[in-house]
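Below: target-v1.csv (CSV, C-alpha atoms)
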```
chain,number,residue,atom,x,y,z
A,1,MET,CA,26.5,-13.9,-27.8
A,2,CYS,CA,23.0,-14.5,-26.8
A,3,PRO,CA,20.8,-11.3,-26.5
A,4,LYS,CA,19.7,-10.7,-23.0
A,5,ILE,CA,15.9,-11.1,-22.6
A,6,LYS,CA,14.6,-8.8,-20.0
A,7,PHE,CA,11.8,-10.3,-17.9
A,8,HIS,CA,9.7,-7.1,-17.9
A,9,ASN,CA,9.7,-7.2,-21.7
A,10,ILE,CA,8.1,-10.6,-21.6
A,11,GLY,CA,5.6,-9.3,-19.1
A,12,PHE,CA,4.8,-6.4,-21.3
A,13,THR,CA,4.3,-8.7,-24.3
A,14,LEU,CA,2.0,-10.9,-22.2
A,15,CYS,CA,-0.1,-8.0,-21.1
A,16,LEU,CA,-0.5,-6.8,-24.7
A,17,ALA,CA,-1.3,-10.3,-26.0
A,18,ALA,CA,-4.0,-10.7,-23.4
A,19,PHE,CA,-5.8,-7.5,-24.2
A,20,SER,CA,-5.3,-7.9,-28.0
A,21,ALA,CA,-6.6,-11.5,-28.0
A,22,SER,CA,-9.8,-10.5,-26.1
A,23,THR,CA,-10.3,-7.7,-28.6
A,24,TYR,CA,-9.5,-9.8,-31.6
A,25,ALA,CA,-12.0,-12.5,-30.8
A,26,ASP,CA,-14.9,-10.1,-31.3
A,27,GLU,CA,-13.1,-7.6,-33.5
A,28,ALA,CA,-15.4,-7.8,-36.5
A,29,THR,CA,-18.6,-8.2,-34.6
A,30,LEU,CA,-18.5,-5.8,-31.7
A,31,ASN,CA,-21.0,-3.3,-33.2
A,32,LEU,CA,-23.7,-3.5,-30.6
A,33,LYS,CA,-25.6,-0.5,-31.8
A,34,LEU,CA,-29.4,-0.6,-31.9
A,35,PRO,CA,-30.9,-3.0,-34.5
A,36,THR,CA,-31.5,-1.8,-37.9
A,37,THR,CA,-34.9,-0.4,-38.6
A,38,THR,CA,-35.1,-1.7,-42.2
A,39,TYR,CA,-35.4,-5.4,-42.3
A,40,THR,CA,-35.2,-7.5,-45.4
A,41,ALA,CA,-35.8,-11.2,-45.2
A,42,PRO,CA,-33.1,-13.2,-46.9
A,43,SER,CA,-34.4,-15.4,-49.6
A,44,PHE,CA,-34.1,-19.2,-49.2
A,45,SER,CA,-33.5,-21.8,-51.9
A,46,SER,CA,-35.3,-25.1,-51.7
A,47,GLY,CA,-31.9,-26.7,-50.9
A,48,THR,CA,-31.5,-24.8,-47.7
A,49,GLN,CA,-34.9,-25.8,-46.5
A,50,SER,CA,-34.2,-29.5,-46.7
A,51,PHE,CA,-31.3,-28.9,-44.4
A,52,MET,CA,-33.5,-27.4,-41.8
A,53,LEU,CA,-35.9,-30.3,-41.7
A,54,ALA,CA,-33.3,-32.9,-40.7
A,55,LEU,CA,-33.3,-34.5,-37.3
A,56,ASN,CA,-36.4,-33.1,-35.8
A,57,GLU,CA,-37.2,-35.6,-33.2
A,58,SER,CA,-40.3,-34.0,-31.9
A,59,LYS,CA,-42.4,-31.2,-33.4
A,60,ASN,CA,-43.4,-29.8,-30.1
A,61,GLN,CA,-41.4,-29.8,-27.0
A,62,SER,CA,-44.5,-30.0,-24.9
A,63,GLU,CA,-44.8,-33.6,-26.0
A,64,ILE,CA,-41.9,-34.4,-23.7
A,65,SER,CA,-43.0,-35.2,-20.2
A,66,THR,CA,-41.8,-32.8,-17.5
A,67,PRO,CA,-39.8,-34.9,-15.1
A,68,THR,CA,-41.0,-34.8,-11.5
A,69,ARG,CA,-37.9,-34.3,-9.5
A,70,THR,CA,-36.9,-32.6,-6.3
A,71,LYS,CA,-35.5,-29.1,-6.6
A,72,PHE,CA,-31.9,-29.4,-7.7
A,73,GLU,CA,-29.2,-27.9,-5.6
A,74,SER,CA,-25.7,-27.5,-7.0
A,75,PRO,CA,-23.1,-29.2,-4.9
A,76,PHE,CA,-21.1,-26.8,-2.8
A,77,PHE,CA,-17.8,-28.5,-3.2
A,78,THR,CA,-16.9,-29.2,-6.8
A,79,GLY,CA,-13.6,-29.2,-8.7
A,80,SER,CA,-14.7,-26.2,-10.6
A,81,ASN,CA,-15.5,-24.3,-7.4
A,82,ALA,CA,-12.2,-25.3,-5.8
A,83,HIS,CA,-10.3,-24.0,-8.8
A,84,LYS,CA,-12.3,-20.7,-8.7
A,85,TYR,CA,-11.6,-20.1,-5.0
A,86,LEU,CA,-8.0,-21.1,-5.3
A,87,GLY,CA,-7.5,-18.6,-8.2
A,88,LEU,CA,-9.2,-15.8,-6.3
A,89,GLY,CA,-7.2,-16.7,-3.2
A,90,THR,CA,-4.0,-16.5,-5.2
A,91,LEU,CA,-4.9,-13.0,-6.4
A,92,ALA,CA,-5.7,-11.9,-2.9
A,93,LEU,CA,-2.4,-13.3,-1.6
A,94,ALA,CA,-0.5,-11.6,-4.4
A,95,ILE,CA,-2.0,-8.3,-3.4
A,96,ALA,CA,-1.3,-9.0,0.3
A,97,THR,CA,2.3,-9.7,-0.7
A,98,THR,CA,2.7,-6.4,-2.5
A,99,ILE,CA,1.4,-4.3,0.4
A,100,ALA,CA,2.8,-6.4,3.3
A,101,PRO,CA,5.6,-4.7,5.3
A,102,LYS,CA,9.1,-6.0,4.4
A,103,PRO,CA,12.5,-5.5,6.0
A,104,PRO,CA,14.8,-2.9,4.4
A,105,GLU,CA,16.8,-4.2,1.4
A,106,ILE,CA,20.5,-4.7,1.9
A,107,GLU,CA,22.4,-3.8,-1.2
A,108,ASP,CA,25.9,-2.7,-0.3
A,109,ARG,CA,27.0,-5.6,1.9
A,110,ALA,CA,26.3,-9.2,2.7
A,111,ALA,CA,23.3,-9.7,5.0
A,112,THR,CA,23.9,-11.0,8.5
A,113,PRO,CA,22.2,-14.2,9.6
A,114,ALA,CA,19.8,-12.1,11.8
A,115,GLU,CA,18.9,-10.0,8.8
A,116,ILE,CA,18.3,-13.1,6.6
A,117,ASP,CA,16.0,-14.5,9.4
A,118,ALA,CA,14.1,-11.2,9.5
A,119,GLN,CA,13.6,-11.3,5.8
A,120,ASP,CA,12.5,-14.9,5.7
A,121,SER,CA,10.0,-14.4,8.5
A,122,SER,CA,8.6,-11.1,7.3
A,123,ALA,CA,4.9,-10.9,6.4
A,124,HIS,CA,6.0,-10.1,2.8
A,125,ALA,CA,8.0,-13.4,2.5
A,126,LYS,CA,5.3,-15.5,4.1
A,127,PHE,CA,2.6,-14.1,1.8
A,128,GLY,CA,4.8,-14.5,-1.2
A,129,ARG,CA,5.4,-18.2,-0.4
A,130,ALA,CA,1.7,-18.7,0.2
A,131,THR,CA,0.9,-17.0,-3.1
A,132,ALA,CA,3.3,-19.4,-5.0
A,133,ALA,CA,1.9,-22.5,-3.3
A,134,MET,CA,-1.7,-21.4,-4.0
A,135,ALA,CA,-0.9,-20.5,-7.6
A,136,ALA,CA,0.5,-24.0,-8.1
A,137,ALA,CA,-2.6,-25.5,-6.5
A,138,THR,CA,-4.8,-23.4,-8.8
A,139,VAL,CA,-3.1,-24.6,-11.9
A,140,ALA,CA,-3.2,-28.2,-10.7
A,141,SER,CA,-6.9,-28.0,-9.8
A,142,GLY,CA,-7.7,-26.3,-13.2
A,143,LEU,CA,-6.0,-29.1,-15.1
A,144,LEU,CA,-7.9,-31.7,-13.1
A,145,SER,CA,-11.4,-30.1,-13.2
A,146,HIS,CA,-11.3,-28.5,-16.6
A,147,TRP,CA,-9.2,-30.9,-18.6
A,148,ASP,CA,-11.9,-31.2,-21.3
A,149,ASP,CA,-12.4,-27.4,-21.7
A,150,PHE,CA,-9.2,-26.5,-23.6
A,151,HIS,CA,-8.4,-27.9,-27.0
A,152,ILE,CA,-5.3,-26.9,-28.9
A,153,GLU,CA,-7.2,-27.1,-32.2
A,154,ASP,CA,-9.5,-24.3,-31.1
A,155,GLY,CA,-6.6,-21.9,-31.3
A,156,ILE,CA,-5.2,-19.2,-29.2
A,157,PHE,CA,-8.4,-17.1,-29.2
A,158,ASP,CA,-10.4,-19.8,-27.4
A,159,PRO,CA,-11.0,-18.2,-24.0
A,160,ASP,CA,-10.2,-21.4,-22.1
A,161,ASN,CA,-6.9,-21.9,-24.0
A,162,LEU,CA,-5.9,-18.3,-23.2
A,163,HIS,CA,-7.0,-18.7,-19.6
A,164,ALA,CA,-4.8,-21.8,-19.2
A,165,LEU,CA,-1.9,-20.1,-20.9
A,166,PHE,CA,-2.0,-17.0,-18.8
A,167,GLY,CA,-2.8,-18.8,-15.6
A,168,THR,CA,0.2,-21.2,-16.0
A,169,ALA,CA,2.6,-18.5,-17.1
A,170,GLY,CA,1.5,-16.3,-14.2
A,171,ALA,CA,2.0,-19.1,-11.7
A,172,LEU,CA,5.4,-19.9,-13.1
A,173,ALA,CA,6.4,-16.2,-13.0
A,174,ILE,CA,5.3,-16.0,-9.3
A,175,MET,CA,7.3,-19.1,-8.5
A,176,TYR,CA,10.3,-17.7,-10.3
A,177,ALA,CA,10.0,-14.5,-8.3
A,178,ILE,CA,10.0,-16.5,-5.1
A,179,SER,CA,13.1,-18.4,-6.2
A,180,LYS,CA,14.9,-15.1,-6.7
A,181,ALA,CA,14.0,-13.6,-3.3
A,182,PRO,CA,15.4,-12.2,-1.2
A,183,GLY,CA,18.4,-10.4,-2.6
A,184,GLU,CA,18.0,-10.5,-6.3
A,185,GLY,CA,15.3,-8.2,-7.8
A,186,HIS,CA,12.1,-10.1,-7.9
A,187,ALA,CA,9.3,-7.5,-7.6
A,188,GLY,CA,8.8,-7.1,-11.3
A,189,LYS,CA,8.6,-10.9,-11.9
A,190,GLY,CA,6.1,-11.3,-9.1
A,191,MET,CA,3.9,-8.5,-10.3
A,192,VAL,CA,4.0,-9.7,-13.9
A,193,GLY,CA,2.9,-13.1,-12.5
A,194,GLY,CA,0.1,-11.6,-10.6
A,195,ILE,CA,-1.1,-9.5,-13.5
A,196,ALA,CA,-1.0,-12.6,-15.8
A,197,MET,CA,-3.1,-14.5,-13.3
A,198,GLY,CA,-5.5,-11.6,-13.0
A,199,VAL,CA,-5.9,-11.5,-16.8
A,200,ALA,CA,-6.5,-15.3,-16.8
A,201,VAL,CA,-9.3,-14.9,-14.3
A,202,LYS,CA,-11.0,-12.0,-16.2
A,203,LEU,CA,-10.9,-14.0,-19.5
A,204,THR,CA,-13.2,-16.7,-18.1
A,205,TRP,CA,-15.0,-14.9,-15.2
B,1,MET,CA,13.2,1.5,-7.3
B,2,ARG,CA,14.2,0.5,-10.8
B,3,ASN,CA,11.8,-2.4,-10.8
B,4,LYS,CA,8.9,-0.1,-9.7
B,5,ALA,CA,9.8,2.2,-12.6
B,6,SER,CA,9.8,-0.7,-15.0
B,7,ILE,CA,6.4,-1.9,-13.8
B,8,MET,CA,4.9,1.6,-14.2
B,9,VAL,CA,6.3,1.9,-17.7
B,10,ILE,CA,4.8,-1.6,-18.6
B,11,LEU,CA,1.4,-0.8,-17.1
B,12,THR,CA,1.3,2.7,-18.7
B,13,GLY,CA,2.2,1.3,-22.0
B,14,ALA,CA,-0.4,-1.4,-21.9
B,15,VAL,CA,-3.1,1.0,-20.8
B,16,LEU,CA,-2.2,3.5,-23.5
B,17,ILE,CA,-2.0,1.0,-26.3
B,18,ASN,CA,-5.1,-0.8,-25.3
B,19,SER,CA,-7.0,2.5,-24.8
B,20,THR,CA,-7.4,2.6,-28.6
B,21,TYR,CA,-9.5,-0.5,-28.4
B,22,VAL,CA,-11.5,1.0,-25.6
B,23,TYR,CA,-12.1,4.1,-27.6
B,24,ALA,CA,-13.1,2.1,-30.7
B,25,GLU,CA,-15.4,-0.4,-29.0
B,26,GLU,CA,-17.5,0.9,-26.2
B,27,SER,CA,-18.6,-2.6,-25.2
B,28,PHE,CA,-15.0,-3.7,-24.6
B,29,ILE,CA,-14.5,-1.3,-21.7
B,30,GLY,CA,-17.9,-2.4,-20.5
B,31,TRP,CA,-16.7,-6.0,-20.5
B,32,LEU,CA,-13.4,-5.0,-18.9
B,33,LEU,CA,-15.0,-3.1,-16.1
B,34,ASP,CA,-17.9,-5.5,-15.6
B,35,PHE,CA,-17.2,-7.5,-12.5
B,36,GLY,CA,-20.4,-9.5,-12.9
B,37,ARG,CA,-19.9,-13.0,-14.2
B,38,THR,CA,-19.9,-13.5,-17.9
B,39,LYS,CA,-18.7,-17.1,-18.1
B,40,GLU,CA,-21.9,-18.6,-19.5
B,41,VAL,CA,-24.4,-17.4,-22.0
B,42,LYS,CA,-26.2,-14.0,-21.7
B,43,PRO,CA,-29.7,-14.6,-20.3
B,44,ILE,CA,-32.6,-13.4,-22.4
B,45,ASP,CA,-33.6,-9.9,-21.5
B,46,ASN,CA,-36.2,-9.3,-24.3
B,47,GLU,CA,-39.7,-10.2,-23.2
B,48,GLN,CA,-41.0,-10.5,-26.7
B,49,TYR,CA,-38.3,-12.8,-27.8
B,50,GLN,CA,-38.8,-14.9,-24.7
B,51,GLU,CA,-42.5,-15.2,-25.1
B,52,GLU,CA,-42.5,-15.9,-28.8
B,53,CYS,CA,-40.0,-18.7,-28.6
B,54,LYS,CA,-41.3,-20.1,-25.4
B,55,ASP,CA,-44.8,-20.6,-26.9
B,56,CYS,CA,-43.5,-23.7,-28.5
B,57,HIS,CA,-40.1,-24.6,-27.1
B,58,PHE,CA,-37.4,-23.7,-24.7
B,59,ALA,CA,-36.3,-20.1,-25.5
B,60,TYR,CA,-32.7,-20.6,-26.7
B,61,GLN,CA,-30.5,-17.7,-25.8
B,62,PRO,CA,-29.2,-15.8,-28.9
B,63,GLY,CA,-25.6,-16.5,-27.7
B,64,LEU,CA,-26.0,-20.2,-28.5
B,65,LEU,CA,-25.7,-19.6,-32.3
B,66,PRO,CA,-23.7,-17.2,-34.5
B,67,ALA,CA,-25.5,-14.3,-36.1
B,68,ARG,CA,-25.4,-15.8,-39.6
B,69,SER,CA,-27.4,-18.8,-38.2
B,70,TRP,CA,-30.0,-16.6,-36.7
B,71,LYS,CA,-30.3,-14.7,-40.0
B,72,LYS,CA,-31.1,-17.9,-41.7
B,73,LEU,CA,-33.5,-19.1,-39.1
B,74,LEU,CA,-35.5,-16.0,-38.4
B,75,ASN,CA,-37.0,-14.8,-41.6
B,76,ALA,CA,-40.5,-15.1,-42.9
B,77,GLU,CA,-39.8,-17.9,-45.3
B,78,ALA,CA,-37.7,-20.0,-42.9
B,79,LEU,CA,-40.3,-19.7,-40.2
B,80,ARG,CA,-43.0,-21.2,-42.4
B,81,ASP,CA,-41.1,-24.4,-42.1
B,82,HIS,CA,-39.4,-24.1,-38.8
B,83,PHE,CA,-38.0,-27.6,-38.2
B,84,GLY,CA,-41.2,-29.1,-39.6
B,85,ASP,CA,-43.6,-26.6,-38.0
B,86,ASN,CA,-45.2,-23.5,-39.3
B,87,ALA,CA,-43.9,-20.8,-36.9
B,88,GLU,CA,-45.0,-17.7,-38.8
B,89,ILE,CA,-45.3,-14.5,-36.9
B,90,ASP,CA,-46.2,-11.0,-37.9
B,91,VAL,CA,-43.5,-8.9,-39.6
B,92,ASP,CA,-43.0,-6.4,-36.7
B,93,THR,CA,-42.5,-9.2,-34.1
B,94,LEU,CA,-40.2,-11.0,-36.5
B,95,ARG,CA,-38.1,-7.9,-36.9
B,96,ILE,CA,-37.8,-7.5,-33.1
B,97,ILE,CA,-36.8,-11.1,-32.4
B,98,HIS,CA,-34.5,-11.3,-35.5
B,99,ASP,CA,-32.7,-8.1,-34.5
B,100,TYR,CA,-32.4,-9.2,-30.9
B,101,ALA,CA,-31.0,-12.6,-31.8
B,102,VAL,CA,-28.5,-11.1,-34.3
B,103,VAL,CA,-27.3,-8.4,-32.0
B,104,ASN,CA,-26.8,-10.9,-29.1
B,105,ALA,CA,-25.5,-13.8,-31.2
B,106,ALA,CA,-22.5,-15.9,-30.1
B,107,ASP,CA,-20.0,-14.1,-32.3
B,108,LYS,CA,-21.0,-10.7,-30.9
B,109,SER,CA,-21.1,-11.7,-27.2
B,110,TYR,CA,-18.4,-11.3,-24.5
B,111,TYR,CA,-19.9,-14.2,-22.6
B,112,LYS,CA,-17.4,-17.0,-22.4
B,113,ARG,CA,-19.5,-19.9,-23.6
B,114,SER,CA,-20.8,-17.9,-26.5
B,115,ARG,CA,-17.2,-17.0,-27.4
B,116,LYS,CA,-16.3,-20.7,-27.3
B,117,ILE,CA,-19.2,-21.4,-29.7
B,118,ALA,CA,-18.1,-18.7,-32.0
B,119,VAL,CA,-14.4,-19.8,-32.2
B,120,THR,CA,-15.3,-23.4,-32.7
B,121,THR,CA,-17.8,-22.8,-35.5
B,122,PRO,CA,-16.2,-22.4,-39.0
B,123,GLU,CA,-16.6,-19.0,-40.4
B,124,ASN,CA,-18.2,-20.3,-43.6
B,125,ALA,CA,-20.8,-22.4,-41.7
B,126,ALA,CA,-24.2,-21.3,-40.5
B,127,PRO,CA,-25.5,-24.2,-38.5
B,128,LEU,CA,-29.2,-24.1,-37.9
B,129,ARG,CA,-29.3,-26.6,-35.0
B,130,ILE,CA,-27.6,-25.8,-31.7
B,131,THR,CA,-27.1,-29.5,-31.2
B,132,LYS,CA,-25.0,-29.7,-34.3
B,133,LEU,CA,-22.5,-27.1,-33.2
B,134,ARG,CA,-19.1,-28.6,-32.9
B,135,TYR,CA,-18.8,-27.2,-29.4
B,136,ILE,CA,-22.1,-28.6,-28.2
B,137,GLU,CA,-21.4,-32.0,-29.8
B,138,ARG,CA,-18.1,-32.2,-28.1
B,139,LYS,CA,-19.4,-31.2,-24.7
B,140,HIS,CA,-22.1,-34.0,-24.9
B,141,ASP,CA,-20.2,-36.8,-26.7
B,142,ASP,CA,-19.5,-38.7,-23.5
B,143,ILE,CA,-23.1,-39.0,-22.4
B,144,PRO,CA,-24.6,-42.4,-23.2
B,145,GLU,CA,-27.6,-42.6,-25.5
B,146,LYS,CA,-29.7,-44.2,-22.8
B,147,MET,CA,-29.5,-41.0,-20.8
B,148,ILE,CA,-30.7,-38.8,-23.7
B,149,LYS,CA,-32.5,-40.4,-26.6
B,150,ASP,CA,-33.7,-43.4,-24.6
B,151,ASN,CA,-34.6,-41.4,-21.6
B,152,LYS,CA,-38.3,-40.8,-21.6
B,153,ASP,CA,-37.8,-37.5,-19.7
B,154,VAL,CA,-35.2,-36.1,-22.1
B,155,LYS,CA,-35.5,-37.6,-25.6
B,156,SER,CA,-33.2,-35.2,-27.3
B,157,LEU,CA,-30.3,-32.8,-26.7
B,158,SER,CA,-32.6,-30.1,-28.1
B,159,TYR,CA,-34.3,-29.9,-24.7
B,160,CYS,CA,-31.5,-28.2,-22.9
B,161,ASP,CA,-33.6,-27.4,-19.8
B,162,LYS,CA,-34.4,-31.0,-19.1
B,163,CYS,CA,-30.9,-31.6,-17.7
B,164,HIS,CA,-29.4,-28.1,-17.4
B,165,THR,CA,-31.3,-26.9,-14.4
B,166,GLN,CA,-30.4,-23.3,-14.8
B,167,ALA,CA,-30.7,-23.2,-18.6
B,168,GLU,CA,-33.2,-20.4,-18.5
B,169,LYS,CA,-30.7,-18.2,-16.8
B,170,GLY,CA,-28.1,-19.1,-19.5
B,171,VAL,CA,-26.1,-21.3,-17.1
B,172,TYR,CA,-24.9,-24.5,-18.6
B,173,ASP,CA,-22.0,-25.6,-16.5
B,174,ASN,CA,-21.4,-29.1,-15.2
B,175,ASP,CA,-22.3,-28.2,-11.6
B,176,THR,CA,-25.9,-27.5,-12.6
B,177,VAL,CA,-26.6,-30.6,-14.6
B,178,SER,CA,-29.1,-33.1,-13.3
B,179,ILE,CA,-30.2,-35.8,-15.9
B,180,PRO,CA,-33.7,-37.0,-15.2
B,181,ASN,CA,-33.7,-40.6,-14.0
B,182,TYR,CA,-29.9,-40.5,-13.7
B,183,PRO,CA,-29.4,-38.2,-10.7
B,184,ASP,CA,-26.0,-39.7,-9.9
B,185,TRP,CA,-24.4,-39.1,-13.3
B,186,ASP,CA,-21.2,-37.0,-13.1
B,187,ASP,CA,-19.1,-35.9,-16.0
```
Go through the file and emit its structure as structure tokens.
Amino acid sequence: MCPKIKFHNIGFTLCLAAFSASTYADEATLNLKLPTTTYTAPSFSSGTQSFMLALNESKNQSEISTPTRTKFESPFFTGSNAHKYLGLGTLALAIATTIAPKPPEIEDRAATPAEIDAQDSSAHAKFGRATAAMAAATVASGLLSHWDDFHIEDGIFDPDNLHALFGTAGALAIMYAISKAPGEGHAGKGMVGGIAMGVAVKLTW
Amino acid sequence: MRNKASIMVILTGAVLINSTYVYAEESFIGWLLDFGRTKEVKPIDNEQYQEECKDCHFAYQPGLLPARSWKKLLNAEALRDHFGDNAEIDVDTLRIIHDYAVVNAADKSYYKRSRKIAVTTPENAAPLRITKLRYIERKHDDIPEKMIKDNKDVKSLSYCDKCHTQAEKGVYDNDTVSIPNYPDWDD
């Protein structure tokens, strides 16, 4: 018999992994105390100096002409910007879904057609569906505009790899929650999805 | 109701467990609660570092190299032959810029691009050239030579600020790139 995997346990693991990964990345080097007062210059061997001399195209950067160009203005609409605003929009919609009014749950009997209509057309349901759609669009736009930013060989602690992992997992959890609503319990799944997407945003903000 | 209780248990557990990190590393909570953007490289906020470096070249942010690289670069002997130039400075100034660079190095920074530089640089390597970092090489490998080496207004990847229009602020993203003489280039 297969052990039953509870969704909130997966969510819990995701939360921990997110925080632990962020911490691990800088674990050994987070001592940001004031600099040491005693300074000793490390000694160099002649071998290390030769390494430093390689590939020096120009001894002074002032030798390079300063290009005359008009003031550069970043384009307003870029794939990167679209992805950013879609992600933030998803979080805003997830919060709106959580606080939006919803019809009372019916647990002890089958819902009537009128009650199903009321549930489907509630603000909570509309925000929920919009959240799922925007989450999917966020993942798609991220894949398109940042396709060269994540590399498996950089490992799990690469911030973009983690961002992609949590963003995708969060979007899938939100969509799964929508597929279970109304009727079956879906609040936990949706919230885990929203938290995972929030963690994804924070990791690369 | 049961779901709400589960969520509360999850969140409380996560907060309690991670509070150990928060307690141990004061800058982690700083990063966690900092809603300012940290996706690029931390801008230079040390006037002396800025001035000393800028006298000869673009002042590279400390977050562009790991601490072990800065330790090799910023010492009296190394500065006597700083990529072919004598860049000697007095001991006190050297200590200030050395310590500033080491404390804000890529492997000690929460800024995303610095973290990426740190994770892509092998732990046993101390590259001295930013242009030789695996991450930097990979980010620039699709740019044709004619736009860099053969471009009279650029000449080398070393001159970050020739194309990265907000390099001085530590911003190196694609949206702020403008290659001189190739304004229409898009990654």
Need the shell around Phe72 of chain A: protein/DNA/RNA residues with any atom at most 12 Å away, counting only C-alpha atoms. Skip same-chain ones fewer than 3 positions apart. Format as a PDB file with C-alpha atoms, in the coordinates of the input?
```
ATOM      1  CA  THR A  68     -41.000 -34.800 -11.500  1.00  0.00           C
ATOM      2  CA  ARG A  69     -37.900 -34.300  -9.500  1.00  0.00           C
ATOM      3  CA  PRO A  75     -23.100 -29.200  -4.900  1.00  0.00           C
TER       4      PRO A  75
ATOM      5  CA  LYS B 162     -34.400 -31.000 -19.100  1.00  0.00           C
ATOM      6  CA  CYS B 163     -30.900 -31.600 -17.700  1.00  0.00           C
ATOM      7  CA  HIS B 164     -29.400 -28.100 -17.400  1.00  0.00           C
ATOM      8  CA  THR B 165     -31.300 -26.900 -14.400  1.00  0.00           C
ATOM      9  CA  GLN B 166     -30.400 -23.300 -14.800  1.00  0.00           C
ATOM     10  CA  ASP B 175     -22.300 -28.200 -11.600  1.00  0.00           C
ATOM     11  CA  THR B 176     -25.900 -27.500 -12.600  1.00  0.00           C
ATOM     12  CA  VAL B 177     -26.600 -30.600 -14.600  1.00  0.00           C
ATOM     13  CA  SER B 178     -29.100 -33.100 -13.300  1.00  0.00           C
ATOM     14  CA  ILE B 179     -30.200 -35.800 -15.900  1.00  0.00           C
ATOM     15  CA  PRO B 180     -33.700 -37.000 -15.200  1.00  0.00           C
ATOM     16  CA  PRO B 183     -29.400 -38.200 -10.700  1.00  0.00           C
TER      17      PRO B 183
END
```
Answer as a ChimeraX atom specification, residues within 12 Å of (-2.5, -28.4, -11.7) using only C-alpha atoms: /A:79,82-83,86-87,133-147,164,167-168,171-172
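Across the structure, atom CA of Glu52 of chain B and atom CA of Lys169 of chain B are spaced 17.0 Å apart.
One finds atom CA of Val102 of chain B at 7.7 Å from atom CA of Arg68 of chain B.
Using all atoms listed in the file, the shortest contact distance between Glu47 of chain B and any of B:Ala59, B:Ala106, B:Ile130, B:Leu157 is found at B:Ala59.
Taking atom CA of Asn174 of chain B as the reference point, atom CA of Asp142 of chain B is found at 12.8 Å.
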Residues near Phe166 of chain A, cut-off 7 Å, only C-alpha atoms, skip fewer than 6 positions along chain, as number ranges by chain: A: 196-197, 200
Non-local contacts of Thr121 of chain B (9 Å; only C-alpha atoms; under 6 positions in same chain excluded) as a ChimeraX atom specification: /B:66,127,133-135
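Compared by their closest atoms to Ser158 of chain B, and using only C-alpha atoms, the residues B:Ile117, B:Ile89, B:Leu64, B:Leu73 rank with B:Leu64 nearest.
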Shell around Val41 of chain B at 7 Å using only C-alpha atoms, local window under 2 positions removed, as a ChimeraX atom specification: /B:39,43,63,111,113-114,170-171
